[in-house]
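What follows is the content of entry-v9.cif (mmCIF, C-alpha atoms (C1' of nucleotides)).
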```
data_data
#
loop_
_atom_site.label_atom_id
_atom_site.label_comp_id
_atom_site.auth_asym_id
_atom_site.auth_seq_id
_atom_site.Cartn_x
_atom_site.Cartn_y
_atom_site.Cartn_z
CA MET H 10 24.70 52.35 41.16
CA SER H 11 23.64 55.30 39.17
CA VAL H 12 27.13 55.51 37.76
CA LYS H 13 27.06 51.87 36.85
CA LEU H 14 23.69 52.19 35.20
CA LEU H 15 24.98 55.13 33.28
CA GLU H 16 28.00 53.22 32.08
CA LYS H 17 25.79 50.35 31.05
CA THR H 18 23.59 52.55 28.92
CA ASP H 19 26.66 54.22 27.53
CA THR H 20 28.10 50.92 26.37
CA LYS H 21 24.82 49.92 24.77
CA THR H 22 24.53 53.29 23.09
CA ARG H 23 28.09 53.05 21.91
CA ILE H 24 27.36 49.66 20.38
CA LEU H 25 24.23 50.92 18.67
CA GLU H 26 26.08 53.89 17.24
CA ALA H 27 28.92 51.63 16.17
CA ALA H 28 26.41 49.50 14.28
CA ASN H 29 25.27 52.59 12.42
CA ALA H 30 28.83 53.58 11.62
CA ILE H 31 29.81 50.14 10.35
CA SER H 32 26.72 49.85 8.19
CA LEU H 33 27.56 53.20 6.68
CA LYS H 34 31.24 52.44 6.25
CA LEU H 35 31.15 48.90 4.87
CA GLY H 36 27.63 48.64 3.55
CA PRO H 37 24.61 47.15 5.34
CA ALA H 38 25.41 43.56 4.35
CA HIS H 39 28.87 43.72 5.92
CA LEU H 40 27.74 44.60 9.39
CA SER H 41 29.35 41.85 11.49
CA LEU H 42 29.35 41.43 15.24
CA GLU H 43 33.13 41.51 15.34
CA GLY H 44 33.20 44.67 13.30
CA VAL H 45 30.64 46.42 15.46
CA ALA H 46 32.40 45.32 18.62
CA ALA H 47 35.72 46.65 17.35
CA GLU H 48 34.13 49.94 16.34
CA ALA H 49 32.55 50.23 19.78
CA GLY H 50 35.87 49.46 21.47
CA ILE H 51 34.84 46.21 23.09
CA SER H 52 35.18 42.53 22.30
CA LYS H 53 32.69 40.34 20.53
CA GLY H 54 31.95 38.57 23.80
CA GLY H 55 31.18 41.88 25.40
CA LEU H 56 28.80 42.78 22.63
CA LEU H 57 27.00 39.46 22.91
CA TYR H 58 26.61 40.04 26.61
CA HIS H 59 24.56 43.17 25.93
CA PHE H 60 22.78 41.87 22.83
CA PRO H 61 22.46 38.08 22.87
CA SER H 62 22.27 37.80 19.09
CA LYS H 63 22.67 39.75 15.90
CA GLN H 64 18.92 39.79 15.61
CA ALA H 65 18.62 41.42 19.03
CA LEU H 66 21.20 44.02 18.07
CA LEU H 67 19.46 44.94 14.85
CA ARG H 68 16.07 45.08 16.49
CA ALA H 69 17.55 47.40 19.11
CA VAL H 70 19.01 49.64 16.41
CA VAL H 71 15.57 50.03 14.88
CA ALA H 72 13.86 50.44 18.25
CA ARG H 73 16.31 53.16 19.25
CA HIS H 74 15.61 55.11 16.10
CA VAL H 75 11.86 54.88 16.53
CA ASP H 76 12.05 55.72 20.24
CA THR H 77 14.14 58.80 19.54
CA MET H 78 11.73 60.08 16.95
CA ARG H 79 8.72 59.31 19.07
CA SER H 80 9.98 60.92 22.26
CA ASP H 81 11.22 64.00 20.43
CA MET H 82 7.81 64.41 18.87
CA ASP H 83 6.10 63.82 22.19
CA ALA H 84 8.16 66.64 23.67
CA MET H 85 7.20 69.06 20.89
CA ALA H 86 3.55 68.14 20.39
CA PRO H 87 2.21 66.01 23.26
CA GLY H 88 -0.67 63.73 22.32
CA TRP H 89 -0.02 63.91 18.60
CA GLN H 90 -0.81 60.21 18.17
CA ARG H 91 -4.32 60.50 19.55
CA PRO H 92 -7.11 60.60 16.96
CA ASP H 93 -8.22 63.90 18.50
CA GLY H 94 -4.68 65.11 19.10
CA PRO H 95 -3.12 68.28 17.66
CA ALA H 96 -2.68 67.18 14.04
CA LEU H 97 -1.03 70.24 12.54
CA ALA H 98 1.27 70.77 15.51
CA GLY H 99 2.20 67.11 15.35
CA ALA H 100 2.94 67.29 11.65
CA LEU H 101 5.13 70.33 12.15
CA ALA H 102 6.88 68.55 14.99
CA TYR H 103 7.59 65.62 12.67
CA LEU H 104 9.09 67.94 10.11
CA THR H 105 11.27 69.59 12.74
CA VAL H 106 12.39 66.39 14.42
CA GLY H 107 12.93 64.52 11.16
CA GLY H 108 14.86 67.37 9.65
CA GLN H 109 17.11 67.71 12.68
CA LEU H 110 17.81 63.99 12.83
CA LEU H 111 18.67 63.82 9.16
CA CYS H 112 20.99 66.82 9.38
CA GLN H 113 22.85 66.35 12.62
CA SER H 114 24.34 62.90 12.33
CA GLU H 115 25.97 61.22 9.39
CA GLU H 116 23.07 59.18 8.06
CA PRO H 117 21.32 58.05 11.25
CA MET H 118 19.36 55.33 9.49
CA ALA H 119 22.21 53.26 8.08
CA GLY H 120 21.76 50.75 10.89
CA CYS H 121 18.08 50.39 10.07
CA LEU H 122 19.08 49.64 6.50
CA ALA H 123 21.28 46.82 7.76
CA ALA H 124 18.37 45.54 9.84
CA MET H 125 16.10 45.56 6.81
CA ALA H 126 18.73 43.80 4.70
CA GLU H 127 19.06 41.04 7.27
CA ASP H 128 15.33 40.61 7.69
CA PRO H 129 12.68 43.00 6.42
CA GLY H 130 10.57 42.05 9.42
CA PHE H 131 13.00 43.81 11.74
CA ILE H 132 11.88 47.23 10.62
CA ALA H 133 8.23 46.58 11.42
CA PRO H 134 8.32 49.10 14.31
CA MET H 135 9.57 51.75 11.92
CA LEU H 136 6.77 51.01 9.49
CA ALA H 137 4.22 51.13 12.27
CA PHE H 138 5.56 54.48 13.39
CA ARG H 139 5.47 55.75 9.84
CA ASP H 140 1.87 54.66 9.53
CA GLU H 141 1.05 56.62 12.68
CA VAL H 142 2.71 59.69 11.23
CA SER H 143 0.93 59.18 7.95
CA ALA H 144 -2.37 59.09 9.80
CA LEU H 145 -1.33 62.22 11.65
CA PHE H 146 -0.85 64.13 8.41
CA ARG H 147 -4.17 62.87 7.11
CA ARG H 148 -5.89 64.39 10.15
CA CYS H 149 -4.74 67.87 9.13
CA PRO H 150 -7.33 70.40 7.92
CA ASP H 151 -6.42 69.73 4.28
CA PRO H 152 -5.59 66.01 4.28
CA ALA H 153 -4.69 65.79 0.59
CA GLN H 154 -2.14 68.59 0.75
CA ALA H 155 -0.74 67.35 4.03
CA HIS H 156 -0.37 63.88 2.58
CA MET H 157 1.70 65.26 -0.28
CA VAL H 158 3.96 67.00 2.20
CA PHE H 159 4.28 63.71 4.06
CA LEU H 160 5.23 61.90 0.86
CA ALA H 161 7.83 64.58 0.17
CA THR H 162 9.41 63.99 3.60
CA GLN H 163 9.63 60.31 2.81
CA GLY H 164 11.26 61.25 -0.48
CA ILE H 165 13.92 63.27 1.30
CA ILE H 166 14.52 60.40 3.69
CA HIS H 167 14.79 58.03 0.75
CA ILE H 168 17.35 60.25 -0.98
CA CYS H 169 19.40 60.64 2.19
CA MET H 170 19.37 56.90 2.82
CA THR H 171 20.34 55.85 -0.68
CA ASP H 172 22.83 58.62 -1.32
CA PRO H 173 24.60 59.44 1.94
CA GLY H 174 27.44 60.89 -0.07
CA SER H 175 25.51 63.90 -1.32
CA HIS H 176 24.51 64.56 2.25
CA GLY H 177 24.19 68.30 2.01
CA GLY H 178 22.90 68.88 5.52
CA GLN H 179 22.25 72.45 4.47
CA ASP H 180 20.00 71.30 1.66
CA VAL H 181 18.05 68.91 3.84
CA ALA H 182 17.48 71.57 6.48
CA ARG H 183 16.21 74.01 3.85
CA LEU H 184 13.94 71.40 2.31
CA PHE H 185 12.32 70.56 5.62
CA GLY H 186 11.91 74.26 6.27
CA ASP H 187 10.22 74.67 2.91
CA LEU H 188 7.90 71.79 3.72
CA GLN H 189 6.92 73.42 7.00
CA THR H 190 6.04 76.70 5.29
CA LEU H 191 4.18 74.83 2.58
CA LEU H 192 2.20 72.89 5.14
CA VAL H 193 1.30 75.92 7.21
CA LEU H 194 0.23 77.89 4.15
CA GLY H 195 -1.69 74.97 2.68
CA GLN H 196 -3.56 74.29 5.91
CA GLY H 197 -4.61 77.91 6.33
CA MET V 11 21.68 32.13 -34.61
CA SER V 12 18.91 34.50 -33.70
CA VAL V 13 17.28 31.70 -31.77
CA LYS V 14 20.47 31.09 -29.88
CA LEU V 15 20.86 34.73 -29.04
CA LEU V 16 17.29 34.79 -27.84
CA GLU V 17 17.82 31.84 -25.55
CA LYS V 18 20.94 33.43 -24.17
CA THR V 19 19.16 36.67 -23.32
CA ASP V 20 16.32 34.71 -21.84
CA THR V 21 18.59 32.94 -19.41
CA LYS V 22 20.20 36.18 -18.33
CA THR V 23 16.85 37.81 -17.87
CA ARG V 24 15.62 34.80 -15.91
CA ILE V 25 18.63 35.09 -13.62
CA LEU V 26 18.09 38.81 -13.10
CA GLU V 27 14.45 38.28 -12.26
CA ALA V 28 15.37 35.41 -9.96
CA ALA V 29 17.71 37.76 -8.10
CA ASN V 30 14.83 40.14 -7.55
CA ALA V 31 12.59 37.35 -6.35
CA ILE V 32 15.15 35.95 -3.92
CA SER V 33 15.93 39.36 -2.48
CA LEU V 34 12.24 39.89 -1.91
CA LYS V 35 11.64 36.42 -0.49
CA LEU V 36 14.64 36.01 1.83
CA GLY V 37 15.72 39.60 2.39
CA PRO V 38 18.47 41.48 0.55
CA ALA V 39 21.27 40.12 2.73
CA HIS V 40 20.33 36.51 1.98
CA LEU V 41 20.70 36.73 -1.76
CA SER V 42 23.17 33.94 -2.52
CA LEU V 43 24.39 32.74 -5.88
CA GLU V 44 23.11 29.24 -5.21
CA GLY V 45 19.72 30.56 -4.25
CA VAL V 46 19.44 32.74 -7.33
CA ALA V 47 20.60 29.90 -9.55
CA ALA V 48 18.02 27.53 -8.09
CA GLU V 49 15.28 30.13 -8.51
CA ALA V 50 16.32 30.62 -12.13
CA GLY V 51 16.36 26.87 -12.73
CA ILE V 52 20.08 26.52 -13.42
CA SER V 53 23.13 25.55 -11.44
CA LYS V 54 25.51 27.85 -9.66
CA GLY V 55 28.15 27.09 -12.25
CA GLY V 56 25.74 28.06 -14.99
CA LEU V 57 24.99 31.33 -13.26
CA LEU V 58 28.68 32.10 -12.91
CA TYR V 59 29.07 31.48 -16.60
CA HIS V 60 26.75 34.37 -17.37
CA PHE V 61 27.82 36.62 -14.50
CA PRO V 62 31.42 35.97 -13.45
CA SER V 63 30.91 37.22 -9.89
CA LYS V 64 28.27 38.28 -7.43
CA GLN V 65 29.35 41.84 -8.01
CA ALA V 66 28.73 41.48 -11.74
CA LEU V 67 25.29 40.04 -11.08
CA LEU V 68 24.26 42.84 -8.74
CA ARG V 69 25.60 45.53 -11.05
CA ALA V 70 23.58 43.97 -13.86
CA VAL V 71 20.45 43.98 -11.72
CA VAL V 72 20.85 47.71 -11.15
CA ALA V 73 21.75 48.40 -14.79
CA ARG V 74 18.70 46.54 -15.99
CA HIS V 75 16.42 48.61 -13.78
CA VAL V 76 17.94 51.89 -14.92
CA ASP V 77 17.91 50.84 -18.58
CA THR V 78 14.25 49.90 -18.39
CA MET V 79 13.28 53.21 -16.87
CA ARG V 80 15.41 55.19 -19.27
CA SER V 81 14.22 53.49 -22.45
CA ASP V 82 10.58 53.66 -21.37
CA MET V 83 10.96 57.37 -20.78
CA ASP V 84 12.79 57.83 -24.07
CA ALA V 85 9.86 56.21 -25.83
CA MET V 86 7.32 58.50 -24.16
CA ALA V 87 9.21 61.80 -24.21
CA PRO V 88 12.23 61.67 -26.55
CA GLY V 89 15.03 64.03 -25.63
CA TRP V 90 13.85 64.56 -22.06
CA GLN V 91 17.45 64.46 -20.76
CA ARG V 92 18.61 67.38 -22.87
CA PRO V 93 18.82 70.76 -21.12
CA ASP V 94 16.48 72.15 -23.76
CA GLY V 95 14.34 69.01 -23.91
CA PRO V 96 10.62 68.81 -23.12
CA ALA V 97 10.70 69.17 -19.35
CA LEU V 98 7.03 68.87 -18.48
CA ALA V 99 6.44 66.02 -20.92
CA GLY V 100 9.49 64.27 -19.49
CA ALA V 101 8.29 64.72 -15.94
CA LEU V 102 4.88 63.33 -16.82
CA ALA V 103 6.58 60.41 -18.57
CA TYR V 104 8.55 59.71 -15.40
CA LEU V 105 5.36 59.68 -13.37
CA THR V 106 3.72 57.30 -15.84
CA VAL V 107 6.67 54.96 -16.23
CA GLY V 108 7.51 54.95 -12.53
CA GLY V 109 3.92 54.34 -11.55
CA GLN V 110 3.56 51.46 -13.99
CA LEU V 111 6.80 49.84 -12.88
CA LEU V 112 5.87 50.06 -9.23
CA CYS V 113 2.41 48.63 -9.83
CA GLN V 114 2.92 45.84 -12.31
CA SER V 115 5.58 43.67 -10.72
CA GLU V 116 5.94 42.61 -7.14
CA GLU V 117 8.49 45.12 -5.92
CA PRO V 118 10.81 45.53 -8.93
CA MET V 119 13.55 47.16 -6.89
CA ALA V 120 14.22 44.43 -4.37
CA GLY V 121 17.30 43.38 -6.33
CA CYS V 122 18.63 46.91 -6.23
CA LEU V 123 18.22 46.85 -2.48
CA ALA V 124 20.38 43.75 -2.34
CA ALA V 125 22.96 45.49 -4.52
CA MET V 126 23.01 48.48 -2.19
CA ALA V 127 23.30 46.24 0.85
CA GLU V 128 26.30 44.46 -0.64
CA ASP V 129 28.00 47.69 -1.70
CA PRO V 130 26.38 51.13 -1.81
CA GLY V 131 28.60 51.94 -4.77
CA PHE V 132 26.70 49.45 -6.91
CA ILE V 133 23.66 51.67 -7.14
CA ALA V 134 25.61 54.65 -8.48
CA PRO V 135 23.92 54.35 -11.90
CA MET V 136 20.54 54.58 -10.19
CA LEU V 137 21.59 57.69 -8.33
CA ALA V 138 22.91 59.27 -11.50
CA PHE V 139 19.62 58.55 -13.23
CA ARG V 140 17.70 59.99 -10.31
CA ASP V 141 19.81 63.12 -10.49
CA GLU V 142 18.96 63.45 -14.16
CA VAL V 143 15.27 63.12 -13.36
CA SER V 144 15.61 65.61 -10.54
CA ALA V 145 17.16 68.10 -12.94
CA LEU V 146 14.33 67.38 -15.36
CA PHE V 147 11.72 68.38 -12.80
CA ARG V 148 13.66 71.51 -11.95
CA ARG V 149 13.47 72.57 -15.58
CA CYS V 150 9.68 72.69 -15.43
CA PRO V 151 7.91 76.08 -15.60
CA ASP V 152 7.43 76.14 -11.82
CA PRO V 153 10.58 74.43 -10.54
CA ALA V 154 9.69 74.65 -6.86
CA GLN V 155 6.34 72.95 -7.27
CA ALA V 156 7.76 70.38 -9.66
CA HIS V 157 10.51 69.58 -7.21
CA MET V 158 7.95 68.88 -4.49
CA VAL V 159 6.17 66.51 -6.84
CA PHE V 160 9.49 64.82 -7.53
CA LEU V 161 10.15 64.43 -3.82
CA ALA V 162 6.70 62.91 -3.41
CA THR V 163 7.49 60.31 -6.08
CA GLN V 164 10.64 59.39 -4.20
CA GLY V 165 8.52 59.11 -1.08
CA ILE V 166 6.19 56.64 -2.75
CA ILE V 167 9.16 54.63 -4.00
CA HIS V 168 10.61 54.66 -0.51
CA ILE V 169 7.39 53.39 1.00
CA CYS V 170 7.05 50.66 -1.63
CA MET V 171 10.63 49.53 -1.12
CA THR V 172 10.52 49.42 2.66
CA ASP V 173 7.03 48.01 2.97
CA PRO V 174 6.44 45.63 0.07
CA GLY V 175 3.72 43.96 2.11
CA SER V 176 1.31 46.88 1.95
CA HIS V 177 1.82 46.89 -1.79
CA GLY V 178 -1.57 48.21 -2.73
CA GLY V 179 -0.95 48.51 -6.47
CA GLN V 180 -4.27 50.33 -6.65
CA ASP V 181 -3.07 52.92 -4.17
CA VAL V 182 0.22 53.49 -5.91
CA ALA V 183 -1.47 53.93 -9.28
CA ARG V 184 -3.87 56.47 -7.80
CA LEU V 185 -1.07 58.36 -6.09
CA PHE V 186 0.95 58.68 -9.27
CA GLY V 187 -2.19 59.79 -11.06
CA ASP V 188 -2.77 62.45 -8.41
CA LEU V 189 0.79 63.63 -8.81
CA GLN V 190 0.33 63.96 -12.56
CA THR V 191 -2.76 66.12 -12.12
CA LEU V 192 -1.04 68.15 -9.44
CA LEU V 193 1.94 68.73 -11.69
CA VAL V 194 -0.11 69.72 -14.69
CA LEU V 195 -2.26 72.11 -12.66
CA GLY V 196 0.74 73.55 -10.86
CA GLN V 197 2.66 74.16 -14.05
CA GLY V 198 -0.26 75.89 -15.76
"C1'" DT Y 5 31.48 35.75 47.31
"C1'" DT Y 6 28.42 37.32 44.16
"C1'" DT Y 7 27.22 40.15 40.22
"C1'" DA Y 8 28.22 42.59 36.11
"C1'" DC Y 9 30.91 42.65 32.63
"C1'" DT Y 10 34.86 41.59 29.33
"C1'" DG Y 11 38.05 38.71 26.57
"C1'" DT Y 12 39.52 34.53 23.97
"C1'" DA Y 13 39.33 30.31 21.82
"C1'" DC Y 14 36.74 27.53 19.24
"C1'" DC Y 15 32.95 25.21 16.34
"C1'" DG Y 16 29.69 24.70 12.61
"C1'" DT Y 17 27.64 26.70 8.79
"C1'" DC Y 18 27.19 29.31 4.88
"C1'" DC Y 19 28.83 30.99 0.76
"C1'" DA Y 20 31.75 33.13 -3.14
"C1'" DG Y 21 34.61 31.70 -6.28
"C1'" DT Y 22 37.64 27.84 -8.65
"C1'" DC Y 23 38.06 24.00 -11.44
"C1'" DG Y 24 37.61 20.02 -14.05
"C1'" DG Y 25 34.38 18.24 -16.47
"C1'" DT Y 26 30.19 17.39 -20.34
"C1'" DA Y 27 27.36 17.95 -24.20
"C1'" DA Y 28 25.61 20.24 -27.98
"C1'" DA Y 29 26.29 23.42 -31.75
"C1'" DG Y 30 29.11 25.64 -35.00
"C1'" DT Y 31 33.31 25.90 -38.25
"C1'" DC Y 32 36.02 24.29 -41.73
"C1'" DA Y 33 39.17 21.80 -44.39
"C1'" DA Y 34 39.62 17.67 -47.25
"C1'" DT B 29 29.65 14.71 -45.65
"C1'" DT B 30 32.70 13.60 -42.57
"C1'" DG B 31 35.98 13.95 -39.14
"C1'" DA B 32 38.81 17.34 -36.24
"C1'" DC B 33 38.62 21.19 -33.68
"C1'" DT B 34 36.59 25.24 -31.24
"C1'" DT B 35 33.04 27.69 -28.90
"C1'" DT B 36 29.06 28.11 -26.07
"C1'" DA B 37 26.36 26.83 -22.28
"C1'" DC B 38 26.07 24.54 -18.29
"C1'" DC B 39 27.03 21.34 -14.27
"C1'" DG B 40 28.57 19.98 -9.56
"C1'" DA B 41 32.30 18.96 -6.35
"C1'" DC B 42 35.51 21.30 -3.71
"C1'" DT B 43 38.09 24.98 -0.97
"C1'" DG B 44 39.11 28.67 1.86
"C1'" DG B 45 37.49 32.30 4.45
"C1'" DA B 46 34.07 34.88 7.01
"C1'" DC B 47 30.85 34.98 10.48
"C1'" DG B 48 27.25 33.86 14.14
"C1'" DG B 49 27.08 31.79 18.22
"C1'" DT B 50 28.94 29.01 22.41
"C1'" DA B 51 31.84 27.99 26.27
"C1'" DC B 52 34.52 29.40 29.51
"C1'" DA B 53 37.97 31.85 31.97
"C1'" DG B 54 39.09 36.16 33.87
"C1'" DT B 55 38.41 40.80 36.42
"C1'" DA B 56 36.77 44.37 39.24
"C1'" DA B 57 33.49 46.39 42.11
"C1'" DA B 58 30.01 45.81 45.92
#
```
Show the structure stored in the file as structure tokens.
Amino acid sequence: MSVKLLEKTDTKTRILEAANAISLKLGPAHLSLEGVAAEAGISKGGLLYHFPSKQALLRAVVARHVDTMRSDMDAMAPGWQRPDGPALAGALAYLTVGGQLLCQSEEPMAGCLAAMAEDPGFIAPMLAFRDEVSALFRRCPDPAQAHMVFLATQGIIHICMTDPGSHGGQDVARLFGDLQTLLVLGQG
Amino acid sequence: MSVKLLEKTDTKTRILEAANAISLKLGPAHLSLEGVAAEAGISKGGLLYHFPSKQALLRAVVARHVDTMRSDMDAMAPGWQRPDGPALAGALAYLTVGGQLLCQSEEPMAGCLAAMAEDPGFIAPMLAFRDEVSALFRRCPDPAQAHMVFLATQGIIHICMTDPGSHGGQDVARLFGDLQTLLVLGQG
DNA sequence: TTTACTGTACCGTCCAGTCGGTAAAGTCAA
DNA sequence: TTGACTTTACCGACTGGACGGTACAGTAAA
């Protein structure tokens, strides 16, 4: 049973990662179920068994991204979302987690881009999460400075998303590091 | 003759603006030639007379955006692109022009999003322009601080593009204003 | 035999691009 | 100044292909 469950999750994960890959390879608008299925090594029927529609697939892509970010942050700075939670620690966790995510994989948000292209409403969970993080930064000792740092992170994300070619992982890592130092210094 | 030329440009402009509107209304992936034509008040055949393919249309949408930005900046800080040009004045011009563009119209970059969704290569001119601007900021007296400000602008753009709903024009204007002050203070 | 899962064949729709038109405006020779 | 021709701007029917989704048949493990 446990093996089966594992395989099941593996297939789903493989599909989700395939969606990312296809969106990156062919462009967000050319993400097709057949293409994703082929990339994941299964048939279209198999894909539709796991995700009953394209909409479900794209929503899952977004949800996976948000869940990853959220759980990674929870591990590093538990309770960061709470109004009385550890704001600075949470912000630093966001910088760490975000930086890692952006460096490790080849554009992890390409799938989200495809979801947005299909229907902007699909990325609502991402926007909600971003709002939470934005609020987190604004709870730091110096909200104005922290907010600028937050905007800068969004800028890096924007550049990585729109220009995956110039994906100097090195650069991104250094930038996030700089932002951490800047934040710590600015918040005293 | 001049009248004719004017009408011609008007139709093209109307089409380009219609593309923006459709991308915003239906989502970037649902930008169709028929839809754009209808929005512009002409037929699909008429549209294809002006832009011989969807690719041509989307490239034109991107080119128009870049041209607007570039000429507005040229007007405010002539020679900003040159390695020995006025860096700080150019950076401030970018903040002004970018802020205005983002505030005035209802998400002016929705069409570019559609172009990117169709083929990431289509937005190459935008990326090249952004690189120029990035270099501009790095020519400021304090390059590190200026670069952070630049990243923050990209963050604001990212937020506006992904979340056109929360398009508080007021907010965006204030943010760009803050960035201008920050830049001026930081550069001494 | 049931459950979980995979593969294949097919249908309907949407859409980019083609093509054969039309109508008005311009050009130009006689 | 008129008639012949070309150019510009635009229209709408059609086609061929891609794709989302359905139906169903198959398989392998429990």
I would like the residues chosen by the PyMOL selection byres ((chain Y) within 8 of (chain V)) on the shown file; could you give them as a PyMOL selection string? chain Y and resi 19-21
Gly56 in chain V environment, 8 Å, all atoms listed in the file, sequence neighbours closer than 6 positions dropped, as a PyMOL selection string: (chain V and resi 47) or (chain B and resi 37-39)
Could you list, as a ChimeraX atom specification, every residue matched by the PyMOL selection byres ((chain V and resi 192) around 12) in this structure? /H:153-154,157 /V:101-102,105,152,155-160,162,185-191,193-198
Around (28.5, 22.0, -8.2) in the file's frame, which residues reach within 9 Å when counting only C-alpha atoms (C1' of nucleotides)? Return as a count of residues only? 7
Take CA of Pro38 in chain V and CA of Ala126 in chain H and report the distance between them in Å, one decimal. 4.8 Å
Evaluated on this file, the PyMOL selection byres ((chain V) within 7 of (chain H)) picks out some residues - which ones are they, written as a ChimeraX atom specification? /V:37-39,127-130,158,161-166,168
Generate a file of the selected residues that holds C-alpha atoms, formatted as a compact mmCIF listing (two decimals), in the frame of the given file.
```txt
# COMPACT_ATOMS: atom_id res chain seq x y z
CA GLY V 37 15.72 39.60 2.39
CA PRO V 38 18.47 41.48 0.55
CA ALA V 39 21.27 40.12 2.73
CA ALA V 127 23.30 46.24 0.85
CA GLU V 128 26.30 44.46 -0.64
CA ASP V 129 28.00 47.69 -1.70
CA PRO V 130 26.38 51.13 -1.81
CA MET V 158 7.95 68.88 -4.49
CA LEU V 161 10.15 64.43 -3.82
CA ALA V 162 6.70 62.91 -3.41
CA THR V 163 7.49 60.31 -6.08
CA GLN V 164 10.64 59.39 -4.20
CA GLY V 165 8.52 59.11 -1.08
CA ILE V 166 6.19 56.64 -2.75
CA HIS V 168 10.61 54.66 -0.51
```
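Near DA34 in chain Y, within 12 Å and counting all atoms listed in the file, sit DC32 of chain Y; DT29, DT30, DG31 and DA32 of chain B, not including residues fewer than 2 positions from it in the same chain.
The space separating C1' of DA13 in chain Y from C1' of DG54 in chain B comes to 13.4 Å.
For the choices H:Leu110, H:Ile31, H:Leu25, H:Leu56, the atom-to-atom distance to chain B is smallest for H:Leu56 when using only C-alpha atoms (C1' of nucleotides).
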Around the point (16.4, 64.0, 9.2) in the file's coordinates, collect all residues with an atom within 9 Å, using only C-alpha atoms (C1' of nucleotides), and return them as a count of residues only. 21
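For the atom pair formed by CA of Met119 in chain V and CA of Ser176 in chain V, the distance is 15.1 Å, given to one decimal.
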